[in-house]
>>> print(open('structure.cif').read())   # mmCIF, C-alpha atoms and all ligand atoms
data_model
loop_
_atom_site.label_atom_id
_atom_site.label_comp_id
_atom_site.auth_asym_id
_atom_site.auth_seq_id
_atom_site.Cartn_x
_atom_site.Cartn_y
_atom_site.Cartn_z
CA MET A 1 89.43 110.41 69.23
CA ASN A 2 90.22 108.97 65.83
CA ILE A 3 87.24 106.72 65.16
CA ILE A 4 87.40 104.50 62.08
CA LEU A 5 84.22 102.46 62.55
CA GLU A 6 81.02 103.23 64.39
CA ALA A 7 77.71 101.44 64.87
CA ARG A 8 74.69 103.48 65.91
CA ASN A 9 71.85 101.44 67.27
CA ILE A 10 71.88 98.84 64.53
CA ARG A 11 69.35 96.04 64.19
CA TYR A 12 69.13 93.16 61.77
CA ARG A 13 66.81 90.23 61.15
CA TYR A 14 67.56 87.46 58.64
CA PRO A 15 64.60 86.81 56.32
CA GLN A 16 62.03 84.58 58.02
CA SER A 17 64.19 84.35 61.12
CA LEU A 18 64.64 85.81 64.59
CA GLU A 19 66.33 89.15 65.07
CA ALA A 20 70.11 88.47 65.07
CA ILE A 21 71.31 91.98 66.05
CA LYS A 22 69.13 93.78 68.56
CA GLY A 23 70.25 97.40 68.85
CA ILE A 24 74.03 97.63 69.03
CA SER A 25 76.18 100.78 69.34
CA PHE A 26 79.97 100.97 69.62
CA HIS A 27 82.99 102.62 68.07
CA ILE A 28 86.43 101.41 67.09
CA ARG A 29 89.45 103.68 66.98
CA ARG A 30 91.99 103.66 64.18
CA GLY A 31 94.86 101.27 64.97
CA GLU A 32 93.01 99.30 67.64
CA LYS A 33 93.02 95.51 68.05
CA ILE A 34 89.49 94.48 68.86
CA ALA A 35 88.15 91.04 69.82
CA LEU A 36 84.45 90.41 69.39
CA VAL A 37 83.80 87.56 71.79
CA GLY A 38 80.70 85.47 72.39
CA PRO A 39 79.23 81.98 72.12
CA ASN A 40 77.91 80.44 68.91
CA GLY A 41 74.85 82.27 67.65
CA ALA A 42 75.68 85.48 69.56
CA GLY A 43 75.70 87.48 66.33
CA LYS A 44 79.46 87.90 65.80
CA SER A 45 79.56 86.89 62.11
CA THR A 46 76.44 88.89 61.34
CA LEU A 47 77.94 91.99 62.94
CA LEU A 48 81.30 91.55 61.23
CA GLN A 49 79.60 91.32 57.85
CA MET A 50 78.15 94.78 58.43
CA PHE A 51 81.65 96.27 58.62
CA ASN A 52 82.24 95.92 54.87
CA GLY A 53 78.63 96.26 53.82
CA MET A 54 77.97 92.57 53.11
CA ILE A 55 74.95 92.86 55.41
CA ARG A 56 72.93 96.05 55.59
CA PRO A 57 71.27 96.80 58.94
CA ASP A 58 67.47 97.01 58.91
CA SER A 59 67.73 100.12 61.07
CA GLY A 60 70.47 102.24 62.64
CA THR A 61 73.64 103.37 60.91
CA MET A 62 77.08 101.92 60.29
CA LEU A 63 79.75 104.57 59.72
CA PHE A 64 83.19 103.99 58.27
CA ASP A 65 85.72 106.82 58.54
CA LYS A 66 82.93 109.06 59.90
CA GLU A 67 80.73 108.58 56.80
CA PRO A 68 77.56 106.46 56.82
CA ILE A 69 78.17 103.35 54.70
CA ARG A 70 76.41 103.58 51.32
CA TYR A 71 75.22 100.42 49.68
CA ASP A 72 75.39 101.19 45.93
CA THR A 73 77.85 99.03 43.96
CA SER A 74 80.50 101.69 43.50
CA SER A 75 80.51 102.77 47.18
CA LEU A 76 80.70 99.14 48.31
CA ARG A 77 83.64 98.50 46.01
CA GLN A 78 85.48 101.46 47.56
CA LEU A 79 84.58 100.30 51.07
CA ARG A 80 85.80 96.76 50.42
CA LYS A 81 89.14 98.07 49.29
CA ARG A 82 89.53 99.71 52.69
CA VAL A 83 87.93 97.02 54.85
CA GLY A 84 89.38 93.58 54.17
CA TYR A 85 87.20 90.71 55.33
CA VAL A 86 88.53 87.20 55.91
CA LEU A 87 85.86 84.53 56.24
CA GLN A 88 85.97 81.87 58.95
CA ASN A 89 86.12 79.10 56.35
CA PRO A 90 88.86 79.77 53.77
CA ASP A 91 87.32 77.22 51.38
CA ARG A 92 84.43 79.64 50.92
CA GLN A 93 86.77 82.56 50.22
CA ILE A 94 89.36 80.92 47.95
CA ILE A 95 87.89 80.52 44.48
CA ALA A 96 90.71 80.45 41.93
CA PRO A 97 92.68 77.36 40.78
CA THR A 98 96.06 78.74 41.88
CA VAL A 99 97.25 80.79 44.83
CA TYR A 100 98.47 83.55 42.49
CA GLN A 101 95.14 83.85 40.70
CA ASP A 102 93.25 83.88 43.95
CA VAL A 103 95.31 86.65 45.54
CA ALA A 104 95.24 88.59 42.23
CA PHE A 105 91.44 88.53 42.15
CA GLY A 106 90.90 91.61 44.37
CA PRO A 107 93.46 93.92 42.74
CA ALA A 108 92.26 92.82 39.26
CA ASN A 109 88.71 93.62 40.28
CA LEU A 110 89.82 97.07 41.38
CA GLY A 111 91.21 97.67 37.89
CA TYR A 112 94.96 97.51 38.69
CA ASP A 113 97.16 96.99 35.61
CA GLU A 114 99.11 93.73 35.23
CA GLN A 115 102.33 95.07 36.74
CA ALA A 116 100.53 96.54 39.75
CA ILE A 117 98.70 93.24 40.25
CA GLN A 118 101.97 91.31 40.18
CA GLN A 119 103.49 93.68 42.72
CA ALA A 120 100.46 93.55 45.00
CA VAL A 121 100.35 89.73 44.91
CA ALA A 122 104.09 89.36 45.51
CA LEU A 123 103.96 91.75 48.46
CA ALA A 124 100.88 90.12 49.99
CA LEU A 125 102.28 86.59 49.67
CA ARG A 126 105.56 87.69 51.21
CA ARG A 127 103.62 89.39 54.01
CA VAL A 128 101.87 86.14 54.98
CA GLY A 129 104.96 83.98 54.49
CA LEU A 130 103.76 82.21 51.31
CA LYS A 131 106.34 83.38 48.79
CA GLY A 132 106.91 80.52 46.37
CA PHE A 133 103.34 79.23 46.67
CA GLU A 134 102.12 81.14 43.58
CA ARG A 135 101.42 78.11 41.37
CA ARG A 136 100.08 75.84 44.08
CA PRO A 137 96.42 74.78 43.90
CA PRO A 138 94.83 76.11 47.12
CA HIS A 139 92.93 72.88 47.82
CA GLN A 140 96.26 71.09 48.37
CA LEU A 141 97.30 73.45 51.16
CA SER A 142 96.96 72.96 54.93
CA GLY A 143 94.24 74.76 56.90
CA GLY A 144 96.71 77.35 58.17
CA GLU A 145 98.12 77.97 54.68
CA LYS A 146 94.61 78.39 53.26
CA LYS A 147 93.86 81.00 55.93
CA ARG A 148 97.04 82.78 54.90
CA VAL A 149 96.02 82.71 51.22
CA ALA A 150 92.64 84.21 52.14
CA LEU A 151 94.42 86.87 54.22
CA ALA A 152 96.84 87.58 51.37
CA GLY A 153 93.88 88.08 49.02
CA VAL A 154 92.65 90.81 51.33
CA LEU A 155 96.09 92.33 51.98
CA ALA A 156 96.70 92.62 48.22
CA MET A 157 94.22 95.51 48.30
CA ASP A 158 96.13 97.16 51.17
CA PRO A 159 93.09 97.79 53.38
CA ASP A 160 93.05 100.13 56.40
CA MET A 161 91.08 97.65 58.42
CA LEU A 162 91.21 93.85 58.67
CA VAL A 163 88.15 91.95 59.80
CA PHE A 164 88.88 88.30 60.52
CA ASP A 165 86.07 85.94 61.47
CA GLU A 166 87.41 83.25 63.85
CA PRO A 167 91.05 83.47 62.67
CA THR A 168 92.18 80.38 64.57
CA THR A 169 89.30 77.98 63.93
CA GLY A 170 90.64 74.69 62.62
CA LEU A 171 94.27 75.53 63.42
CA ASP A 172 96.52 73.73 65.90
CA PRO A 173 97.96 75.80 68.81
CA SER A 174 101.14 76.70 66.98
CA GLY A 175 99.21 77.59 63.79
CA SER A 176 96.91 79.77 65.92
CA GLU A 177 99.87 81.55 67.49
CA ASP A 178 101.36 82.17 64.04
CA VAL A 179 98.16 83.76 62.75
CA MET A 180 97.74 85.90 65.87
CA GLU A 181 101.34 87.04 65.62
CA LEU A 182 100.81 87.96 61.98
CA LEU A 183 97.74 89.99 62.93
CA ASP A 184 99.82 91.69 65.61
CA GLU A 185 102.48 92.54 63.07
CA LEU A 186 99.92 93.97 60.63
CA ASN A 187 98.43 96.00 63.45
CA HIS A 188 101.88 97.24 64.39
CA GLU A 189 102.21 98.48 60.81
CA GLY A 190 99.09 100.57 61.25
CA LYS A 191 96.11 98.41 60.36
CA THR A 192 93.06 98.29 62.57
CA VAL A 193 92.33 94.61 63.28
CA ILE A 194 89.01 93.17 64.40
CA ILE A 195 88.59 89.47 65.09
CA SER A 196 85.73 87.35 66.33
CA THR A 197 86.45 84.42 68.60
CA HIS A 198 85.14 82.41 71.51
CA ASP A 199 88.65 81.70 72.73
CA VAL A 200 89.09 83.99 75.74
CA GLU A 201 92.65 82.82 76.46
CA LEU A 202 93.57 84.00 72.98
CA ALA A 203 91.65 87.27 73.07
CA TYR A 204 92.67 88.33 76.59
CA PRO A 205 96.40 88.97 76.05
CA TRP A 206 95.98 90.04 72.41
CA ALA A 207 93.20 92.61 72.27
CA ASP A 208 93.34 96.31 73.15
CA ARG A 209 89.61 96.09 73.83
CA ALA A 210 87.08 93.28 73.82
CA ILE A 211 83.37 93.41 73.09
CA LEU A 212 81.32 90.62 74.69
CA LEU A 213 78.31 89.75 72.61
CA LEU A 214 75.33 87.65 73.64
CA ASP A 215 72.08 87.07 71.85
CA GLY A 216 72.50 90.02 69.47
CA ARG A 217 73.37 92.52 72.21
CA ILE A 218 76.57 93.88 73.80
CA LEU A 219 76.95 92.42 77.27
CA GLN A 220 80.18 94.13 78.24
CA GLU A 221 82.83 96.20 76.50
CA GLY A 222 86.23 97.49 77.55
CA VAL A 223 89.89 96.70 78.08
CA PRO A 224 90.25 92.91 78.40
CA ASP A 225 90.42 92.73 82.20
CA VAL A 226 87.18 94.71 82.42
CA ALA A 227 85.46 92.89 79.55
CA PHE A 228 86.39 89.46 80.93
CA GLY A 229 86.62 90.40 84.61
CA ASN A 230 82.97 90.01 85.61
CA PRO A 231 82.38 86.28 86.28
CA ASP A 232 78.59 86.71 86.00
CA TYR A 233 78.75 88.19 82.52
CA VAL A 234 81.38 85.73 81.44
CA ARG A 235 79.22 82.83 82.62
CA MET A 236 76.14 84.28 80.91
CA ALA A 237 78.09 84.39 77.68
CA HIS A 238 79.09 80.69 78.10
CA LEU A 239 82.74 81.75 78.35
CA SER A 240 85.30 81.49 81.15
CA VAL A 241 87.44 84.06 82.93
CA PRO A 242 90.98 83.98 81.45
CA THR A 243 93.26 81.92 83.70
CA LEU A 244 95.70 84.73 84.53
CA LEU A 245 92.85 87.02 85.48
CA GLU A 246 91.19 84.31 87.54
CA VAL A 247 94.40 83.65 89.50
CA SER A 248 94.78 87.38 90.13
CA GLN A 249 91.14 87.63 91.29
CA GLU A 250 91.58 84.61 93.57
CA LEU A 251 94.72 86.11 95.15
CA GLY A 252 92.74 89.33 95.68
CA ARG A 253 89.89 87.41 97.38
CA ARG A 254 92.44 85.87 99.73
CA GLY A 255 93.56 89.29 100.84
CA PHE A 256 96.70 89.66 98.71
CA ALA A 257 96.77 93.19 97.31
CA GLN A 258 96.68 93.14 93.51
CA PRO A 259 98.12 95.84 91.27
CA GLU A 260 95.71 98.04 89.32
CA ARG A 261 97.13 96.78 86.03
CA LYS A 262 95.95 93.19 85.82
CA PRO A 263 98.34 90.46 84.57
CA ARG A 264 98.14 89.93 80.81
CA SER A 265 101.07 87.51 80.57
CA VAL A 266 103.06 84.99 82.61
CA LEU A 267 105.71 87.69 83.01
CA ASP A 268 103.15 90.03 84.61
CA MET A 269 102.06 87.21 86.93
CA ILE A 270 105.62 86.43 87.99
CA HIS A 271 106.06 90.10 88.82
CA ILE A 272 102.96 90.00 91.06
CA ILE A 273 104.11 86.82 92.80
CA GLU A 274 107.57 88.24 93.44
CA HIS A 275 105.96 91.30 94.93
CA LEU A 276 103.81 89.14 97.22
CA LEU A 277 106.75 87.01 98.27
CA ASN A 278 108.61 90.22 98.90
CA ARG A 279 111.63 88.83 97.17
CA SER A 280 112.88 88.47 93.67
CA CYS A 281 112.88 85.03 92.04
CA SER A 282 115.53 86.33 89.62
CA THR A 283 119.20 85.50 89.64
CA SER A 284 121.49 88.32 90.71
CA ARG A 285 122.90 88.69 87.20
CA PRO A 286 120.17 88.77 84.55
CA GLY A 287 120.81 87.33 81.09
CA THR A 288 120.99 89.49 77.99
CA ILE A 289 118.69 89.85 75.00
CA SER A 290 120.46 90.30 71.67
CA VAL A 291 118.41 91.68 68.81
CA CYS A 292 119.12 91.02 65.15
CA ASP A 293 117.20 93.09 62.60
CA VAL A 294 116.77 90.78 59.59
CA ASP A 295 115.98 93.71 57.30
CA ARG A 296 119.57 94.85 57.70
CA GLY A 297 122.45 93.05 56.08
CA TRP A 298 124.79 90.58 57.71
CA ASP A 299 127.48 88.31 56.32
CA THR A 300 128.00 85.92 59.24
CA PRO A 301 125.63 82.94 59.08
CA LEU A 302 123.39 83.32 62.08
CA ALA A 303 123.46 79.59 62.80
CA THR A 304 127.23 79.86 63.31
CA TRP A 305 126.80 82.84 65.60
CA VAL A 306 124.16 81.03 67.63
CA SER A 307 126.04 77.74 67.91
CA ALA A 308 129.08 79.59 69.27
CA ARG A 309 127.01 80.52 72.31
CA GLN A 310 125.89 78.03 74.91
CA ASN A 311 122.35 77.79 76.19
CA LEU A 312 121.04 80.56 73.97
CA ALA A 313 117.33 80.56 73.09
CA VAL A 314 116.24 82.07 69.78
CA GLY A 315 112.90 83.77 69.15
CA ALA A 316 111.55 85.31 65.95
CA MET A 317 109.02 88.13 65.67
CA GLY A 318 107.28 88.62 62.36
CA THR A 319 107.05 86.74 59.10
CA SER A 320 110.33 87.90 57.56
CA ALA A 321 112.26 86.99 60.72
CA LYS A 322 110.72 83.52 60.76
CA GLN A 323 111.56 83.06 57.09
CA ARG A 324 115.13 84.11 57.71
CA ALA A 325 115.42 81.59 60.52
CA SER A 326 114.08 78.87 58.25
CA GLN A 327 116.48 79.82 55.43
CA GLU A 328 119.38 79.67 57.86
CA HIS A 329 118.17 76.35 59.36
CA LEU A 330 117.94 77.94 62.75
CA THR A 331 115.65 76.19 65.23
CA LEU A 332 113.32 78.66 66.91
CA ASP A 333 112.48 78.30 70.59
CA PHE A 334 109.85 81.06 70.61
CA THR A 335 107.55 82.30 67.87
CA TYR A 336 104.84 83.96 69.97
CA GLY A 337 105.00 86.23 73.01
CA VAL A 338 108.70 86.36 72.20
CA ILE A 339 109.75 89.44 74.16
CA ASP A 340 108.14 88.34 77.43
CA LYS A 341 109.58 84.84 77.10
CA CYS A 342 113.05 86.28 76.59
CA ILE A 343 112.62 88.60 79.60
CA LEU A 344 111.63 85.55 81.68
CA ARG A 345 114.81 83.80 80.55
CA ALA A 346 116.90 86.87 81.35
CA LEU A 347 115.43 86.85 84.86
CA ARG A 348 116.71 83.28 85.20
CA GLY A 349 120.16 84.47 84.12
CA GLN A 350 119.90 83.03 80.59
CA ASP A 351 120.64 84.76 77.30
CA SER A 352 118.37 84.99 74.24
CA LEU A 353 118.48 86.20 70.68
CA ILE A 354 115.47 87.84 69.05
CA LEU A 355 115.24 87.99 65.27
CA THR A 356 112.92 90.75 64.16
CA ASN A 357 112.21 93.11 61.31
CA SER A 358 113.05 96.83 61.40
CA SER A 359 109.53 97.90 62.27
CA MET A 360 109.35 95.71 65.38
CA ALA A 361 112.95 96.06 66.61
CA GLY A 362 112.08 99.20 68.58
CA ARG A 363 109.29 97.33 70.30
CA VAL A 364 111.79 94.96 71.94
CA VAL A 365 113.71 97.85 73.47
CA THR A 366 110.54 99.65 74.61
CA ARG A 367 109.03 96.54 76.23
CA VAL A 368 112.25 95.50 78.01
CA GLU A 369 112.89 99.07 79.21
CA ALA A 370 109.32 99.36 80.52
CA TYR A 371 109.69 96.06 82.37
CA CYS A 372 113.05 97.04 83.86
CA GLN A 373 111.70 100.37 85.02
CA GLU A 374 108.69 98.76 86.67
CA SER A 375 110.58 95.93 88.31
CA GLY A 376 113.90 97.61 89.07
CA THR A 377 115.79 94.92 87.10
CA ALA A 378 118.55 95.73 84.61
CA ILE A 379 118.31 93.55 81.49
CA SER A 380 120.65 94.51 78.65
CA VAL A 381 119.29 94.64 75.12
CA ILE A 382 122.16 94.30 72.65
CA PRO A 383 121.45 95.39 69.07
CA LEU A 384 123.61 93.21 66.84
CA ASN A 385 123.34 95.12 63.61
CA THR A 386 122.06 98.63 64.06
CA THR A 387 124.38 99.82 61.33
CA ASN A 388 124.26 97.62 58.21
CA GLN A 389 126.84 95.25 59.62
CA SER A 390 127.12 91.59 60.38
CA PRO A 391 126.77 90.33 63.93
CA LYS A 392 130.27 89.31 64.93
P1 LIG B 401 77.98 83.83 65.69
O1 LIG B 401 78.89 84.28 64.60
O2 LIG B 401 78.17 84.56 66.98
O3 LIG B 401 78.01 82.35 65.89
P2 LIG B 401 75.85 84.46 63.83
O4 LIG B 401 76.01 85.89 63.49
O5 LIG B 401 76.34 83.45 62.85
O6 LIG B 401 76.46 84.18 65.28
O7 LIG B 401 74.30 84.16 64.09
C1 LIG B 401 73.46 85.03 64.85
C2 LIG B 401 72.03 84.52 64.75
O8 LIG B 401 71.57 84.66 63.41
C3 LIG B 401 71.86 83.06 65.11
O9 LIG B 401 70.64 82.92 65.79
C4 LIG B 401 71.82 82.37 63.78
O10 LIG B 401 71.03 81.20 63.84
C5 LIG B 401 71.17 83.42 62.89
N1 LIG B 401 71.62 83.31 61.49
C6 LIG B 401 72.89 83.39 61.07
N2 LIG B 401 72.96 83.28 59.72
C7 LIG B 401 71.68 83.11 59.30
C8 LIG B 401 71.08 82.95 58.02
N3 LIG B 401 71.81 82.94 56.90
N4 LIG B 401 69.72 82.82 57.97
C9 LIG B 401 68.97 82.85 59.09
N5 LIG B 401 69.48 83.02 60.32
C10 LIG B 401 70.82 83.14 60.44
#
>>> encode(input="structure.cif", output="structure tokens")
Amino acid sequence: MNIILEARNIRYRYPQSLEAIKGISFHIRRGEKIALVGPNGAGKSTLLQMFNGMIRPDSGTMLFDKEPIRYDTSSLRQLRKRVGYVLQNPDRQIIAPTVYQDVAFGPANLGYDEQAIQQAVALALRRVGLKGFERRPPHQLSGGEKKRVALAGVLAMDPDMLVFDEPTTGLDPSGSEDVMELLDELNHEGKTVIISTHDVELAYPWADRAILLLDGRILQEGVPDVAFGNPDYVRMAHLSVPTLLEVSQELGRRGFAQPERKPRSVLDMIHIIEHLLNRSCSTSRPGTISVCDVDRGWDTPLATWVSARQNLAVGAMGTSAKQRASQEHLTLDFTYGVIDKCILRALRGQDSLILTNSSMAGRVVTRVEAYCQESGTAISVIPLNTTNQSPK
């Protein structure tokens, strides 16, 4: 098991205050997406701040990459290069007068030369979709953009692990989806991602594992349907059972057999309902899903290609795909949960186009194939530009 972070019976009390962390042990594997979930005051922020050494436990041990964290200045500097921490409130993290200077702060602190700083900043801003924002004063940006600047500041140091305290606080639903999708993309590229949240609907489909925290202790830990599946624990933690899981539990209570793998998406739920109805809700001829890899060249304007097809929905996965859509003035129907939404359309006999980057293109094929195998449906995935060619 490739463990990147481990807590061994850690405890912490703020000066002149009650104990905030009361003996917590857990481990996180490299490449996992973890949601730390609990009500206000549960200890989420305190715990997260231990991951990059900002808070030192009074007792117990925090280990990063199998080594106990050391708290001297030089060790902490090394640790903070590898563990990027994004605060809940970006106004507390963003300190410089321009976006460029703010994102450059970390690499400059690590002693990068000017050229390396420029490269790191350019890459990080592109990563979060803020290319062109270099000279902007951060205080003039929207809440979502500020969160992205704070994230870029961390990404500029190319950390192995991202720790994001309440990534969606203060964002509207579409801004929240954008940030979660970006975290998904970064995870897909190999980064371990840990978030804190009290939004169970957000954590349930997103996380590989969830840790439920209450009053400085772990209440429950596991894959999301286990972590959120016990109504008593969920109630104790002032949370609610995710809607999809609740519907599945209710069907089970009414005597309808439920699959072992609990529904994590509307697509999963539709599959269960079809099974119960003993008939398929799909049309006899499923629609197709075309995939355009925006990292590969094309000459044909995509908008032209799209407008030549009737009733086609377009989804984009990843920052570069969304940017490409915006450059080409292409209206996006889906920007989150794109693959499942396109499968649902295909089941209704409708076609879709997914714009994606090279690293996520394979994911479309894998997900659609897995669905088809499980459901016995045949949905065609059509790669438009597998060889550096334009979609015709
Ligand atoms: P969460 O992030 O889950 O809302 P916190 O980690 O912020 O929880 O807080 C855990 C506990 O520690 C709470 O009881 C809170 O009042 C207390 N606490 C947090 N920060 C401080 C602080 N700076 N000084 C004293 N107590 C604090």
>>> residues_near_ligand(input="structure.cif", ligand="ligand LIG 401 (chain B)", cutoff="6 Å", atoms="only C-alpha atoms and all ligand atoms", output="VMD selection string")
chain A and resid 14 17 20 39 to 46
>>> atom_distance(input="structure.cif", atom1="CA of Met180 (chain A)", atom2="CA of Ala35 (chain A)")
11.6 Å
>>> residues_around(input="structure.cif", residues="region 299-311 of chain A", least_positions_apart="5", cutoff="12 Å", atoms="only C-alpha atoms", output="PyMOL selection string")
chain A and resi 287-288+290-294+321+324-333+345-346+348-355+384-385+388-392
>>> atom_distance(input="structure.cif", atom1="CA of Arg13 (chain A)", atom2="CA of Gly38 (chain A)")
18.5 Å
>>> atom_distance(input="structure.cif", atom1="CA of Ala378 (chain A)", atom2="CA of Leu347 (chain A)")
9.4 Å
>>> residues_around(input="structure.cif", residues="region 114-126 of chain A", least_positions_apart="2", cutoff="7 Å", atoms="all atoms listed in the file", output="PyMOL selection string")
chain A and resi 100+103-104+107-108+112+128-131+152+155-156
>>> residues_around(input="structure.cif", residues="Val338 (chain A)", least_positions_apart="3", cutoff="10 Å", atoms="only C-alpha atoms", output="PyMOL selection string")
chain A and resi 181+314-317+333-335+341-344+352-355+364
>>> residues_near_point(input="structure.cif", point="(118.0, 97.5, 73.9)", cutoff="8 Å", atoms="all atoms listed in the file", output="JSON, numbers by chain")
{"A": [289, 290, 291, 364, 365, 366, 368, 369, 380, 381, 382, 383]}
>>> closest_residue(input="structure.cif", among="A:Gly31, A:Gly84, A:Gly376, A:Gly153", to="Met54 (chain A)", atoms="only C-alpha atoms")
A:Gly84
>>> residues_around(input="structure.cif", residues="region 267-280 of chain A", least_positions_apart="6", cutoff="12 Å", atoms="all atoms listed in the file", output="compact mmCIF listing (two decimals) with C-alpha atoms, keeping the file's coordinate frame")
# COMPACT_ATOMS: atom_id res chain seq x y z
CA PRO A 205 96.40 88.97 76.05
CA THR A 243 93.26 81.92 83.70
CA LEU A 244 95.70 84.73 84.53
CA LEU A 245 92.85 87.02 85.48
CA GLU A 246 91.19 84.31 87.54
CA VAL A 247 94.40 83.65 89.50
CA SER A 248 94.78 87.38 90.13
CA GLN A 249 91.14 87.63 91.29
CA LEU A 251 94.72 86.11 95.15
CA GLY A 252 92.74 89.33 95.68
CA GLY A 255 93.56 89.29 100.84
CA PHE A 256 96.70 89.66 98.71
CA ALA A 257 96.77 93.19 97.31
CA GLN A 258 96.68 93.14 93.51
CA PRO A 259 98.12 95.84 91.27
CA GLU A 260 95.71 98.04 89.32
CA ARG A 261 97.13 96.78 86.03
CA PRO A 286 120.17 88.77 84.55
CA GLY A 337 105.00 86.23 73.01
CA VAL A 338 108.70 86.36 72.20
CA ILE A 339 109.75 89.44 74.16
CA ASP A 340 108.14 88.34 77.43
CA LYS A 341 109.58 84.84 77.10
CA CYS A 342 113.05 86.28 76.59
CA ILE A 343 112.62 88.60 79.60
CA LEU A 344 111.63 85.55 81.68
CA ARG A 345 114.81 83.80 80.55
CA ALA A 346 116.90 86.87 81.35
CA LEU A 347 115.43 86.85 84.86
CA ARG A 348 116.71 83.28 85.20
CA ARG A 367 109.03 96.54 76.23
CA VAL A 368 112.25 95.50 78.01
CA ALA A 370 109.32 99.36 80.52
CA TYR A 371 109.69 96.06 82.37
CA CYS A 372 113.05 97.04 83.86
CA GLU A 374 108.69 98.76 86.67
CA SER A 375 110.58 95.93 88.31
CA GLY A 376 113.90 97.61 89.07
CA THR A 377 115.79 94.92 87.10
>>> closest_residue(input="structure.cif", among="A:Arg56, A:Arg82, A:Lys22, A:Arg209", to="Arg70 (chain A)", atoms="all atoms listed in the file")
A:Arg56
>>> closest_residue(input="structure.cif", among="A:Asp208, A:Leu182, A:Pro90, A:Ala227", to="Ser142 (chain A)", atoms="only C-alpha atoms")
A:Pro90
>>> closest_residue(input="structure.cif", among="A:Gly222, A:Gln88, A:Ile10, A:Trp206", to="Leu171 (chain A)", atoms="only C-alpha atoms")
A:Gln88
>>> closest_residue(input="structure.cif", among="A:Leu18, A:Leu5, A:Leu219, A:Ile194", to="Met236 (chain A)", atoms="only C-alpha atoms")
A:Leu219
>>> closest_residue(input="structure.cif", among="A:Tyr336, A:Ile34, A:Asp178, A:Glu19", to="Lys191 (chain A)", atoms="all atoms listed in the file")
A:Ile34
>>> residues_around(input="structure.cif", residues="Arg8 (chain A)", least_positions_apart="3", cutoff="8 Å", atoms="all atoms listed in the file", output="MDAnalysis selection string")
chainID A and resid 24:26 60:62
>>> axis_aligned_box(input="structure.cif", around="region 216-231 of chain A", padding_each_side="4 Å", output="AutoDock Vina command-line options")
--center_x 81.5 --center_y 91.9 --center_z 77.9 --size_x 25.9 --size_y 19.2 --size_z 24.8
